[in-house]
Structure formats: structure tokens, C-alpha cells
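K.L.:
Got my_file-v6.pdb for you, PDB, C-alpha atoms (C1' of nucleotides):
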ATOM      1  CA  MET W 125      57.676   7.792 -98.825
ATOM      2  CA  LYS W 126      55.738  10.332 -96.875
ATOM      3  CA  THR W 127      52.361   9.119 -95.732
ATOM      4  CA  VAL W 128      49.514  11.523 -95.971
ATOM      5  CA  PRO W 129      46.598  11.332 -93.564
ATOM      6  CA  HIS W 130      43.376   9.929 -94.882
ATOM      7  CA  ILE W 131      41.097  12.697 -96.001
ATOM      8  CA  THR W 132      37.400  11.957 -96.138
ATOM      9  CA  ASP W 133      34.952  13.045 -98.807
ATOM     10  CA  ALA W 134      33.714  16.026 -96.881
ATOM     11  CA  GLU W 135      37.188  17.039 -95.824
ATOM     12  CA  TRP W 136      38.367  16.779 -99.380
ATOM     13  CA  GLU W 137      36.077  19.617-100.392
ATOM     14  CA  VAL W 138      37.658  21.808 -97.766
ATOM     15  CA  MET W 139      41.128  20.838 -98.888
ATOM     16  CA  LYS W 140      40.270  21.814-102.434
ATOM     17  CA  VAL W 141      39.456  25.295-101.240
ATOM     18  CA  LEU W 142      42.740  25.574 -99.395
ATOM     19  CA  TRP W 143      44.743  24.060-102.222
ATOM     20  CA  ASN W 144      43.172  26.590-104.457
ATOM     21  CA  GLU W 145      44.352  29.432-102.299
ATOM     22  CA  SER W 146      45.842  29.724 -98.869
ATOM     23  CA  PRO W 147      46.165  30.830 -96.193
ATOM     24  CA  ARG W 148      42.528  31.555 -95.674
ATOM     25  CA  THR W 149      40.685  32.330 -92.499
ATOM     26  CA  ALA W 150      37.907  30.071 -91.338
ATOM     27  CA  ASN W 151      35.374  32.572 -92.568
ATOM     28  CA  GLU W 152      37.022  32.825 -95.946
ATOM     29  CA  VAL W 153      36.928  29.073 -96.232
ATOM     30  CA  ILE W 154      33.299  29.084 -95.172
ATOM     31  CA  ASP W 155      32.431  31.669 -97.793
ATOM     32  CA  ALA W 156      34.229  29.756-100.493
ATOM     33  CA  MET W 157      32.551  26.536 -99.450
ATOM     34  CA  GLN W 158      29.121  27.995 -99.511
ATOM     35  CA  GLU W 159      29.472  28.609-103.185
ATOM     36  CA  ARG W 160      29.762  24.884-103.694
ATOM     37  CA  THR W 161      27.866  23.238-100.868
ATOM     38  CA  GLU W 162      24.978  23.739 -98.487
ATOM     39  CA  TRP W 163      27.025  23.060 -95.414
ATOM     40  CA  LYS W 164      26.480  25.093 -92.303
ATOM     41  CA  PRO W 165      29.409  27.194 -91.083
ATOM     42  CA  LYS W 166      29.661  25.047 -87.989
ATOM     43  CA  THR W 167      30.084  21.994 -90.135
ATOM     44  CA  ILE W 168      32.922  23.563 -92.032
ATOM     45  CA  ARG W 169      34.627  24.563 -88.813
ATOM     46  CA  THR W 170      34.393  20.991 -87.643
ATOM     47  CA  LEU W 171      36.042  19.833 -90.825
ATOM     48  CA  LEU W 172      38.800  22.395 -90.434
ATOM     49  CA  ASN W 173      39.374  21.164 -86.906
ATOM     50  CA  ARG W 174      39.549  17.567 -87.954
ATOM     51  CA  LEU W 175      41.934  18.343 -90.751
ATOM     52  CA  ALA W 176      44.146  20.262 -88.355
ATOM     53  CA  GLN W 177      44.043  17.402 -85.865
ATOM     54  CA  LYS W 178      45.235  14.968 -88.452
ATOM     55  CA  ASP W 179      47.937  17.370 -89.623
ATOM     56  CA  ALA W 180      46.534  17.801 -93.076
ATOM     57  CA  ILE W 181      46.398  21.543 -92.493
ATOM     58  CA  SER W 182      47.698  24.002 -89.957
ATOM     59  CA  PHE W 183      47.040  27.632 -89.140
ATOM     60  CA  THR W 184      48.544  30.844 -87.948
ATOM     61  CA  GLN W 185      46.763  33.030 -85.483
ATOM     62  CA  GLU W 186      46.304  36.725 -85.911
ATOM     63  CA  ASN W 187      44.338  38.357 -83.136
ATOM     64  CA  ARG W 188      41.408  36.059 -82.583
ATOM     65  CA  VAL W 189      41.390  34.664 -86.063
ATOM     66  CA  TYR W 190      43.021  31.581 -87.530
ATOM     67  CA  ALA W 191      44.348  31.448 -91.060
ATOM     68  CA  TYR W 192      44.549  27.917 -92.360
ATOM     69  CA  PHE W 193      46.894  26.451 -94.933
ATOM     70  CA  PRO W 194      47.555  22.914 -96.201
ATOM     71  CA  LEU W 195      50.393  20.804 -94.895
ATOM     72  CA  VAL W 196      50.000  18.235 -97.629
ATOM     73  CA  SER W 197      49.957  18.908-101.329
ATOM     74  CA  GLU W 198      47.123  18.042-103.597
ATOM     75  CA  GLY W 199      49.443  15.889-105.652
ATOM     76  CA  GLU W 200      50.458  13.793-102.664
ATOM     77  CA  CYS W 201      46.884  13.285-101.617
ATOM     78  CA  VAL W 202      45.655  12.470-105.075
ATOM     79  CA  LYS W 203      48.380   9.924-105.449
ATOM     80  CA  SER W 204      47.725   8.368-102.095
ATOM     81  CA  GLU W 205      43.982   8.155-102.613
ATOM     82  CA  THR W 206      44.383   6.793-106.078
ATOM     83  CA  ASN W 207      46.728   4.120-104.874
ATOM     84  CA  SER W 208      44.336   2.891-102.250
ATOM     85  CA  PHE W 209      41.525   3.029-104.745
ATOM     86  CA  LEU W 210      43.524   1.021-107.244
ATOM     87  CA  LYS W 211      44.432  -1.463-104.608
ATOM     88  CA  ARG W 212      40.875  -1.947-103.561
ATOM     89  CA  ILE W 213      39.261  -2.144-106.944
ATOM     90  CA  TYR W 214      41.901  -3.377-109.274
ATOM     91  CA  GLY W 215      44.205  -5.225-106.932
ATOM     92  CA  GLY W 216      46.752  -2.444-107.255
ATOM     93  CA  ALA W 217      47.428  -2.792-110.934
ATOM     94  CA  PHE W 218      47.261   0.334-112.954
ATOM     95  CA  LYS W 219      46.999  -1.041-116.433
ATOM     96  CA  PRO W 220      43.797  -3.033-115.956
ATOM     97  CA  MET W 221      42.126   0.115-114.814
ATOM     98  CA  LEU W 222      43.343   1.967-117.853
ATOM     99  CA  VAL W 223      42.165  -0.795-120.105
ATOM    100  CA  ASN W 224      38.816  -0.877-118.415
ATOM    101  CA  PHE W 225      38.405   2.844-118.673
ATOM    102  CA  LEU W 226      39.552   3.246-122.158
ATOM    103  CA  LYS W 227      36.822   0.826-123.080
ATOM    104  CA  GLU W 228      34.180   2.862-121.316
ATOM    105  CA  GLU W 229      35.099   6.466-121.619
ATOM    106  CA  GLN W 230      34.597   8.672-124.533
ATOM    107  CA  LEU W 231      37.529  10.769-125.475
ATOM    108  CA  SER W 232      37.838  13.403-128.118
ATOM    109  CA  GLU W 233      40.224  13.117-131.019
ATOM    110  CA  GLU W 234      42.507  15.635-129.305
ATOM    111  CA  ASP W 235      42.378  13.746-126.030
ATOM    112  CA  ILE W 236      43.439  10.620-127.819
ATOM    113  CA  LYS W 237      46.292  12.359-129.530
ATOM    114  CA  GLU W 238      47.452  13.901-126.293
ATOM    115  CA  LEU W 239      47.384  10.592-124.488
ATOM    116  CA  LYS W 240      49.233   8.865-127.293
ATOM    117  CA  ASP W 241      51.892  11.531-127.191
ATOM    118  CA  MET W 242      52.250  10.983-123.488
ATOM    119  CA  LEU W 243      52.625   7.287-124.042
ATOM    120  CA  ASP W 244      55.283   7.965-126.642
ATOM    121  CA  GLY W 245      57.044  10.156-124.166
ATOM    122  CA  LYS W 246      57.240   7.288-121.750
ATOM    123  CA  ARG W 247      58.887   5.051-124.249
ATOM    124  CA  LYS W 248      62.585   5.216-123.481
TER     125      LYS W 248
ATOM    126  CA  MET F  70      21.102   3.540-114.955
ATOM    127  CA  LYS F  71      21.012   0.846-112.348
ATOM    128  CA  THR F  72      22.398   1.910-109.020
ATOM    129  CA  VAL F  73      24.557  -0.558-107.201
ATOM    130  CA  PRO F  74      24.742  -0.545-103.416
ATOM    131  CA  HIS F  75      27.857   0.851-101.871
ATOM    132  CA  ILE F  76      30.301  -1.899-101.075
ATOM    133  CA  THR F  77      32.876  -1.242 -98.406
ATOM    134  CA  ASP F  78      36.521  -2.252 -98.464
ATOM    135  CA  ALA F  79      36.010  -5.360 -96.400
ATOM    136  CA  GLU F  80      32.894  -6.337 -98.297
ATOM    137  CA  TRP F  81      34.700  -5.891-101.547
ATOM    138  CA  GLU F  82      37.063  -8.726-100.693
ATOM    139  CA  VAL F  83      34.101 -10.997-100.192
ATOM    140  CA  MET F  84      32.558  -9.905-103.455
ATOM    141  CA  LYS F  85      35.763 -10.718-105.280
ATOM    142  CA  VAL F  86      35.513 -14.277-104.044
ATOM    143  CA  LEU F  87      31.936 -14.568-105.233
ATOM    144  CA  TRP F  88      32.621 -12.882-108.537
ATOM    145  CA  ASN F  89      35.393 -15.346-109.016
ATOM    146  CA  GLU F  90      33.054 -18.245-108.585
ATOM    147  CA  SER F  91      29.529 -18.661-107.374
ATOM    148  CA  PRO F  92      27.380 -19.876-105.865
ATOM    149  CA  ARG F  93      29.479 -20.702-102.873
ATOM    150  CA  THR F  94      28.411 -21.691 -99.413
ATOM    151  CA  ALA F  95      29.392 -19.563 -96.469
ATOM    152  CA  ASN F  96      32.079 -22.050 -95.585
ATOM    153  CA  GLU F  97      33.450 -22.088 -99.077
ATOM    154  CA  VAL F  98      33.643 -18.345 -99.015
ATOM    155  CA  ILE F  99      35.320 -18.486 -95.632
ATOM    156  CA  ASP F 100      37.894 -20.955 -96.902
ATOM    157  CA  ALA F 101      38.612 -18.857 -99.946
ATOM    158  CA  MET F 102      38.908 -15.742 -97.848
ATOM    159  CA  GLN F 103      41.323 -17.272 -95.436
ATOM    160  CA  GLU F 104      43.794 -17.706 -98.210
ATOM    161  CA  ARG F 105      43.899 -13.959 -98.577
ATOM    162  CA  THR F 106      43.072 -12.488 -95.197
ATOM    163  CA  GLU F 107      43.287 -13.177 -91.488
ATOM    164  CA  TRP F 108      39.621 -12.612 -90.875
ATOM    165  CA  LYS F 109      37.751 -14.805 -88.491
ATOM    166  CA  PRO F 110      34.920 -16.901 -89.911
ATOM    167  CA  LYS F 111      32.428 -14.895 -87.875
ATOM    168  CA  THR F 112      33.650 -11.744 -89.479
ATOM    169  CA  ILE F 113      33.168 -13.124 -92.940
ATOM    170  CA  ARG F 114      29.659 -14.257 -92.077
ATOM    171  CA  THR F 115      28.879 -10.760 -90.907
ATOM    172  CA  LEU F 116      30.072  -9.415 -94.214
ATOM    173  CA  LEU F 117      27.968 -11.930 -96.116
ATOM    174  CA  ASN F 118      24.951 -10.866 -94.097
ATOM    175  CA  ARG F 119      25.530  -7.216 -94.726
ATOM    176  CA  LEU F 120      25.986  -7.786 -98.424
ATOM    177  CA  ALA F 121      22.772  -9.765 -98.525
ATOM    178  CA  GLN F 122      20.949  -7.043 -96.610
ATOM    179  CA  LYS F 123      21.999  -4.455 -99.118
ATOM    180  CA  ASP F 124      21.073  -6.716-102.021
ATOM    181  CA  ALA F 125      24.556  -7.030-103.342
ATOM    182  CA  ILE F 126      24.301 -10.784-103.035
ATOM    183  CA  SER F 127      21.617 -13.331-102.404
ATOM    184  CA  PHE F 128      21.533 -17.017-101.566
ATOM    185  CA  THR F 129      19.715 -20.248-102.021
ATOM    186  CA  GLN F 130      19.160 -22.556 -99.143
ATOM    187  CA  GLU F 131      19.850 -26.259 -99.285
ATOM    188  CA  ASN F 132      19.172 -28.037 -96.054
ATOM    189  CA  ARG F 133      20.693 -25.797 -93.416
ATOM    190  CA  VAL F 134      23.254 -24.293 -95.702
ATOM    191  CA  TYR F 135      23.171 -21.111 -97.727
ATOM    192  CA  ALA F 136      24.857 -20.782-101.080
ATOM    193  CA  TYR F 137      25.609 -17.193-101.920
ATOM    194  CA  PHE F 138      25.870 -15.549-105.292
ATOM    195  CA  PRO F 139      26.276 -11.942-106.472
ATOM    196  CA  LEU F 140      23.346  -9.852-107.560
ATOM    197  CA  VAL F 141      25.574  -7.173-108.999
ATOM    198  CA  SER F 142      28.331  -7.699-111.507
ATOM    199  CA  GLU F 143      31.896  -6.786-110.901
ATOM    200  CA  GLY F 144      31.816  -4.490-113.895
ATOM    201  CA  GLU F 145      28.889  -2.510-112.540
ATOM    202  CA  CYS F 146      30.529  -2.120-109.177
ATOM    203  CA  VAL F 147      33.888  -1.200-110.571
ATOM    204  CA  LYS F 148      32.276   1.400-112.731
ATOM    205  CA  SER F 149      30.234   2.816-109.915
ATOM    206  CA  GLU F 150      33.140   2.985-107.505
ATOM    207  CA  THR F 151      35.395   4.471-110.084
ATOM    208  CA  ASN F 152      32.890   7.135-110.907
ATOM    209  CA  SER F 153      32.540   8.232-107.326
ATOM    210  CA  PHE F 154      36.274   8.130-106.936
ATOM    211  CA  LEU F 155      36.745  10.251-110.030
ATOM    212  CA  LYS F 156      34.163  12.670-108.837
ATOM    213  CA  ARG F 157      35.778  13.066-105.484
ATOM    214  CA  ILE F 158      39.354  13.339-106.552
ATOM    215  CA  TYR F 159      39.310  14.671-110.040
ATOM    216  CA  GLY F 160      36.012  16.477-110.133
ATOM    217  CA  GLY F 161      34.575  13.748-112.343
ATOM    218  CA  ALA F 162      36.864  14.167-115.284
ATOM    219  CA  PHE F 163      38.527  11.111-116.620
ATOM    220  CA  LYS F 164      41.290  12.565-118.700
ATOM    221  CA  PRO F 165      43.037  14.511-115.929
ATOM    222  CA  MET F 166      43.344  11.295-114.027
ATOM    223  CA  LEU F 167      44.836   9.556-117.012
ATOM    224  CA  VAL F 168      47.263  12.362-117.553
ATOM    225  CA  ASN F 169      48.230  12.355-113.925
ATOM    226  CA  PHE F 170      48.739   8.646-113.898
ATOM    227  CA  LEU F 171      50.596   8.335-117.098
ATOM    228  CA  LYS F 172      53.075  10.761-115.606
ATOM    229  CA  GLU F 173      53.567   8.633-112.537
ATOM    230  CA  GLU F 174      53.231   5.054-113.558
ATOM    231  CA  GLN F 175      55.777   2.916-115.179
ATOM    232  CA  LEU F 176      54.561   0.838-118.021
ATOM    233  CA  SER F 177      56.354  -1.714-120.074
ATOM    234  CA  GLU F 178      56.950  -1.313-123.758
ATOM    235  CA  GLU F 179      54.217  -3.842-124.426
ATOM    236  CA  ASP F 180      51.808  -2.072-122.113
ATOM    237  CA  ILE F 181      52.398   1.132-123.972
ATOM    238  CA  LYS F 182      51.819  -0.522-127.303
ATOM    239  CA  GLU F 183      48.647  -2.141-126.068
ATOM    240  CA  LEU F 184      47.282   1.106-124.738
ATOM    241  CA  LYS F 185      48.132   2.946-127.913
ATOM    242  CA  ASP F 186      46.344   0.313-129.916
ATOM    243  CA  MET F 187      43.322   0.739-127.734
ATOM    244  CA  LEU F 188      43.435   4.463-128.251
ATOM    245  CA  ASP F 189      43.622   3.882-131.973
ATOM    246  CA  GLY F 190      40.630   1.638-131.715
ATOM    247  CA  LYS F 191      38.648   4.429-130.190
ATOM    248  CA  ARG F 192      39.350   6.749-133.026
ATOM    249  CA  LYS F 193      36.327   6.635-135.244
TER     250      LYS F 193
ATOM    251  C1'  DT O 108      29.963  48.916 -68.103
ATOM    252  C1'  DC O 109      26.846  45.487 -69.848
ATOM    253  C1'  DA O 110      24.681  43.062 -73.364
ATOM    254  C1'  DA O 111      25.252  41.258 -77.847
ATOM    255  C1'  DC O 112      28.045  39.242 -81.117
ATOM    256  C1'  DT O 113      31.806  36.404 -83.041
ATOM    257  C1'  DG O 114      35.156  33.046 -83.394
ATOM    258  C1'  DG O 115      37.015  28.960 -81.514
ATOM    259  C1'  DA O 116      36.541  24.695 -78.355
ATOM    260  C1'  DT O 117      33.819  21.208 -76.831
ATOM    261  C1'  DT O 118      30.101  18.130 -77.212
ATOM    262  C1'  DA O 119      26.414  15.519 -79.764
ATOM    263  C1'  DC O 120      24.634  11.958 -82.155
ATOM    264  C1'  DA O 121      23.251   8.647 -85.575
ATOM    265  C1'  DA O 122      24.868   5.787 -89.545
ATOM    266  C1'  DC O 123      28.429   3.151 -91.296
ATOM    267  C1'  DT O 124      32.569   0.057 -90.750
ATOM    268  C1'  DG O 125      35.683  -3.300 -89.050
ATOM    269  C1'  DT O 126      35.854  -6.896 -86.328
ATOM    270  C1'  DA O 127      33.983 -10.076 -83.949
ATOM    271  C1'  DA O 128      31.316 -12.849 -79.802
ATOM    272  C1'  DT O 129      27.137 -14.864 -78.103
ATOM    273  C1'  DA O 130      22.685 -17.116 -78.630
ATOM    274  C1'  DC O 131      19.906 -20.320 -80.792
ATOM    275  C1'  DA O 132      18.111 -24.053 -83.626
ATOM    276  C1'  DA O 133      18.929 -28.193 -86.140
ATOM    277  C1'  DC O 134      21.788 -32.219 -86.993
ATOM    278  C1'  DT O 135      24.766 -35.798 -85.728
ATOM    279  C1'  DT O 136      26.724 -39.046 -82.589
ATOM    280  C1'  DG O 137      27.192 -41.900 -78.536
TER     281       DG O 137
ATOM    282  C1'  DC M  60      17.403 -39.313 -75.918
ATOM    283  C1'  DA M  61      21.286 -36.140 -74.429
ATOM    284  C1'  DA M  62      25.174 -33.673 -75.672
ATOM    285  C1'  DG M  63      28.195 -31.806 -78.790
ATOM    286  C1'  DT M  64      28.682 -29.665 -83.272
ATOM    287  C1'  DT M  65      27.574 -26.647 -86.897
ATOM    288  C1'  DG M  66      25.436 -23.149 -89.426
ATOM    289  C1'  DT M  67      22.637 -18.984 -88.948
ATOM    290  C1'  DA M  68      20.755 -14.922 -86.453
ATOM    291  C1'  DT M  69      21.386 -11.548 -83.177
ATOM    292  C1'  DT M  70      24.093  -8.544 -80.548
ATOM    293  C1'  DA M  71      28.379  -5.885 -79.439
ATOM    294  C1'  DC M  72      31.361  -2.276 -79.480
ATOM    295  C1'  DA M  73      34.678   1.172 -80.654
ATOM    296  C1'  DG M  74      36.372   4.234 -84.382
ATOM    297  C1'  DT M  75      35.102   7.133 -88.352
ATOM    298  C1'  DT M  76      32.181  10.257 -90.759
ATOM    299  C1'  DG M  77      28.555  13.561 -91.762
ATOM    300  C1'  DT M  78      26.365  17.035 -89.856
ATOM    301  C1'  DA M  79      25.838  20.065 -86.745
ATOM    302  C1'  DA M  80      24.565  22.579 -81.813
ATOM    303  C1'  DT M  81      26.091  24.367 -77.466
ATOM    304  C1'  DC M  82      29.426  26.602 -74.531
ATOM    305  C1'  DC M  83      32.733  30.034 -73.539
ATOM    306  C1'  DA M  84      35.891  33.888 -73.821
ATOM    307  C1'  DG M  85      37.153  38.024 -75.981
ATOM    308  C1'  DT M  86      35.466  42.185 -78.666
ATOM    309  C1'  DT M  87      32.369  45.709 -79.574
ATOM    310  C1'  DG M  88      28.486  48.752 -79.696
ATOM    311  C1'  DA M  89      24.991  51.179 -76.725
TER     312       DA M  89
END
Mind converting the file's structure to C-alpha cells?
P.N.:
Amino acid sequence: MKTVPHITDAEWEVMKVLWNESPRTANEVIDAMQERTEWKPKTIRTLLNRLAQKDAISFTQENRVYAYFPLVSEGECVKSETNSFLKRIYGGAFKPMLVNFLKEEQLSEEDIKELKDMLDGKRK
Amino acid sequence: MKTVPHITDAEWEVMKVLWNESPRTANEVIDAMQERTEWKPKTIRTLLNRLAQKDAISFTQENRVYAYFPLVSEGECVKSETNSFLKRIYGGAFKPMLVNFLKEEQLSEEDIKELKDMLDGKRK
DNA sequence: TCAACTGGATTACAACTGTAATACAACTTG
DNA sequence: CAAGTTGTATTACAGTTGTAATCCAGTTGA
């Protein structure tokens, strides 16, 4: 199983932008980020650098400008992060988390139906 | 809503021991921990100190010995951590995570039945 | 051509984390 | 009473993370 690098909170925001659309130049990423955060451009460049260093993204160079794109998919990362979260909080077991959350969360009638249908789908 | 302090990975292991049973002296915690980890006693004491500093636990003193106990419940912490996790990874929405996970995870027939029953229970 | 600007590379720096070791004070034992 | 033991308090130290600023080289406008 491919291992994805660990992506921090701040980096995750940058990844979202690139998952949403790529390749994007540093400045395009910065523009997109500034719609969602207050981060300074320099900060975002640092995050891009770190992500590139850990091979979460890469870039092509045109003239002086880099265009970045993800090397890891959102799905992979979500799965990886969720697994380590589950491991930490629930000892790795998925069902207890579900049980816990179903107790807490409020779901609409349609949500419930959708989830039940999914559960039915899993029944072989 | 009460805010719980942020508990790190390593600290979480200590909290589990105290949630499991408390109060426990430092040495009791250390013994319990050494069944699950390789950490040195000094390390575990550091973690107990940090948890006490951030008011996640407290202690009573008998003679020279401290007996530690949690100030925050496991449920509170689980909820808090899960919320920040959800926010980071799924933008705060619970259902997308469920959907994602139901796709991936394998559940037994009984698990599926149990979850469906819970979903039914939520239907008003 | 020279100064200003722009984009990337390098450096900064404190807080938090993991992972302890050392110092110290009290208690026990010879 | 002196020395070792034990439990706590203090200190250590590098890696990660958030959050940038500074430096430098190439590009561009005057």
C-alpha cells in the first residue's frame, strides 16, 4: 500500500486548492488561498515548498514561474489521515466511531435513507 | 460548550490509561503503560506533567506520591478531536465521511444490522 | 543601462511534541 | 547519621509546524 506523506493542517488547505484544480502557479494558489485564509503570500510559498519537499506535490517550470500539481490524490490522503485518526482515538476500529457518531450527529431523513441504502449495498 | 485542552498522540495513550481506571499513581500509570508501549518511565512522567499543566488531569497527594485522575472525560475529548478532524479533512461535514467510510470499510452482517437499527432509532 | 520589481531560495524563530536525562528532596536502611 | 533509593521538578534537545522575513537573480520599465 502506497504511503502518503503526512500533511499538516496548514498544508492541507493548500492541497485542497490544488486538488480542486491543477496545475496552478504559486500566485494562482496564493490568490485562491486568500479567499479562504488570511495567510501572507510568503507563508503560502513556504507551504508549497514543504509540500514539494515531501513529495506531496511537484511542479513544472515555465520561464521563471512554477506550476504546481498534486502527486497524491485527495482520496489517498483522506484515507491515510482517517486511519491514523481512528487508530489514535478509537484504537483503529471503525465501527465504534460510527456508533459514537450516530449517537451524536443529527442526520436528515434523506441522509438516513441514503446511509441505510449504502449499508444494504454492502450486504453480500 | 466546554473546551477541552488539546491532547497529543502520546498524551492520549496516558489518558486512555486514566480513563480506564483512576485515580492511579504515577507508578501505576507507568506500569500500565509499559504493557502497551516501550516508553521510559521518565517519558511517562513528563506526559503526566504536561497533562496536568494543561488541566487535562489533576492529582491528589498522599505522602510523597501523586495519584492522578482525569479532569476531562473521554467522551468530551473524543468529540472534540473528531470535530477538528472532521473540519480539517471533510470540511466539517459528518455525512461525507460516513459515505466515504462505508465505501471502504468492511463490516460484518451483524455490524450492518446494528448500524441500520441505530439509523432507524434516529428516525423520529 | 540602472533601478525597481517579482518570483523563488534561504533563513528565522517560537511553540509544540516526542523522548528523555539530570537535579533535588524526602524516605529508608545499614 | 550517612548513603542509597525513590518520587517529583527541572532541564534538554532535536524535529515539526505555523507564520513569516530576508536575500538573490532575472525581468522590466524609465
K.L.:
As a check of understanding, name the residues that the PyMOL selection byres ((chain W) within 7 of (chain F)) selects in the supplied structure, as a PDB file with C-alpha atoms, in the coordinates of the input.
P.N.:
ATOM      1  CA  ASP W 133      34.952  13.045 -98.807  1.00  0.00           C
ATOM      2  CA  VAL W 202      45.655  12.470-105.075  1.00  0.00           C
ATOM      3  CA  ARG W 212      40.875  -1.947-103.561  1.00  0.00           C
ATOM      4  CA  ILE W 213      39.261  -2.144-106.944  1.00  0.00           C
ATOM      5  CA  GLU W 233      40.224  13.117-131.019  1.00  0.00           C
ATOM      6  CA  ILE W 236      43.439  10.620-127.819  1.00  0.00           C
ATOM      7  CA  LYS W 240      49.233   8.865-127.293  1.00  0.00           C
ATOM      8  CA  LEU W 243      52.625   7.287-124.042  1.00  0.00           C
ATOM      9  CA  ARG W 247      58.887   5.051-124.249  1.00  0.00           C
TER      10      ARG W 247
END
K.L.:
Have a look at CA of Gln122 in chain F and C1' of DT126 in chain O and let me know their distance in Å, one decimal.
P.N.:
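Between CA of Gln122 in chain F and C1' of DT126 in chain O the gap is 18.1 Å.
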K.L.:
Applied to this file, what does the PyMOL selection byres ((chain O) within 10 of (chain F)) return in terms of residues, put as a PyMOL selection string?
P.N.:
chain O and resi 123-128+133-134
K.L.:
Could you check which of M:DA73, M:DA89, M:DA80, M:DC60 is closest to chain W, using only C-alpha atoms (C1' of nucleotides)?
P.N.:
M:DA80
K.L.:
Selection in question (the file shown): the PyMOL selection byres ((chain F) within 9 of (chain M)). Which residues does it include, as a PDB file with C-alpha atoms, in the frame of the given file?
P.N.:
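The resulting file, result02.pdb, is shown below:
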ATOM      1  CA  ALA F  95      29.392 -19.563 -96.469  1.00  0.00           C
ATOM      2  CA  ARG F 133      20.693 -25.797 -93.416  1.00  0.00           C
ATOM      3  CA  VAL F 134      23.254 -24.293 -95.702  1.00  0.00           C
ATOM      4  CA  TYR F 135      23.171 -21.111 -97.727  1.00  0.00           C
TER       5      TYR F 135
END
K.L.:
Rounded to one decimal place, report the CA of Asp179 in chain W-CA of Ser197 in chain W distance in Å.
P.N.:
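Taking CA of Asp179 in chain W and CA of Ser197 in chain W, their separation equals 12.0 Å.
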K.L.:
Quote the spacing between CA of Ala180 in chain W and CA of Leu195 in chain W in Å to one decimal place.
P.N.:
5.2 Å
K.L.:
Because the input lacks atoms here, generate all heavy atoms for range 143-149 of chain W and report them as a CSV table (one decimal), keeping the file's coordinate frame.
P.N.:
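Output below, filename out.csv:
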chain,number,residue,atom,x,y,z
W,143,TRP,N,43.7,24.3,-101.2
W,143,TRP,CA,44.7,24.1,-102.2
W,143,TRP,C,44.6,25.2,-103.3
W,143,TRP,O,45.6,25.6,-103.9
W,143,TRP,CB,44.5,22.7,-102.9
W,143,TRP,CG,45.1,21.6,-102.1
W,143,TRP,CD1,46.2,21.6,-101.3
W,143,TRP,CD2,44.6,20.2,-101.9
W,143,TRP,NE1,46.4,20.3,-100.7
W,143,TRP,CE2,45.4,19.5,-101.1
W,143,TRP,CE3,43.4,19.6,-102.5
W,143,TRP,CZ2,45.2,18.2,-100.7
W,143,TRP,CZ3,43.2,18.3,-102.1
W,143,TRP,CH2,44.1,17.6,-101.3
W,144,ASN,N,43.4,25.6,-103.4
W,144,ASN,CA,43.2,26.6,-104.5
W,144,ASN,C,43.8,27.9,-104.1
W,144,ASN,O,44.4,28.6,-104.9
W,144,ASN,CB,41.7,26.8,-104.6
W,144,ASN,CG,41.3,27.4,-105.9
W,144,ASN,OD1,41.3,28.6,-106.0
W,144,ASN,ND2,41.2,26.6,-107.0
W,145,GLU,N,43.7,28.2,-102.8
W,145,GLU,CA,44.4,29.4,-102.3
W,145,GLU,C,44.5,29.3,-100.8
W,145,GLU,O,43.5,29.0,-100.1
W,145,GLU,CB,43.5,30.7,-102.7
W,145,GLU,CG,44.2,32.0,-102.3
W,145,GLU,CD,43.4,33.2,-102.6
W,145,GLU,OE1,42.7,33.2,-103.7
W,145,GLU,OE2,43.4,34.1,-101.8
W,146,SER,N,45.6,29.7,-100.3
W,146,SER,CA,45.8,29.7,-98.9
W,146,SER,C,47.0,30.7,-98.5
W,146,SER,O,47.7,31.0,-99.4
W,146,SER,CB,46.2,28.3,-98.4
W,146,SER,OG,47.5,28.0,-98.8
W,147,PRO,N,47.1,31.1,-97.3
W,147,PRO,CA,46.2,30.8,-96.2
W,147,PRO,C,44.8,31.5,-96.3
W,147,PRO,O,44.7,32.6,-97.0
W,147,PRO,CB,46.9,31.4,-95.0
W,147,PRO,CG,47.8,32.4,-95.5
W,147,PRO,CD,48.2,32.0,-96.9
W,148,ARG,N,43.9,31.0,-95.7
W,148,ARG,CA,42.5,31.6,-95.7
W,148,ARG,C,42.0,31.4,-94.3
W,148,ARG,O,42.2,30.4,-93.6
W,148,ARG,CB,41.6,30.8,-96.6
W,148,ARG,CG,41.7,31.2,-98.1
W,148,ARG,CD,40.8,30.4,-98.9
W,148,ARG,NE,40.5,31.1,-100.1
W,148,ARG,CZ,40.0,30.5,-101.2
W,148,ARG,NH1,39.7,29.2,-101.2
W,148,ARG,NH2,39.7,31.2,-102.3
W,149,THR,N,41.3,32.4,-93.8
W,149,THR,CA,40.7,32.3,-92.5
W,149,THR,C,39.5,31.4,-92.6
W,149,THR,O,39.0,31.1,-93.6
W,149,THR,CB,40.2,33.7,-92.0
W,149,THR,OG1,39.1,34.1,-92.9
W,149,THR,CG2,41.3,34.7,-92.1
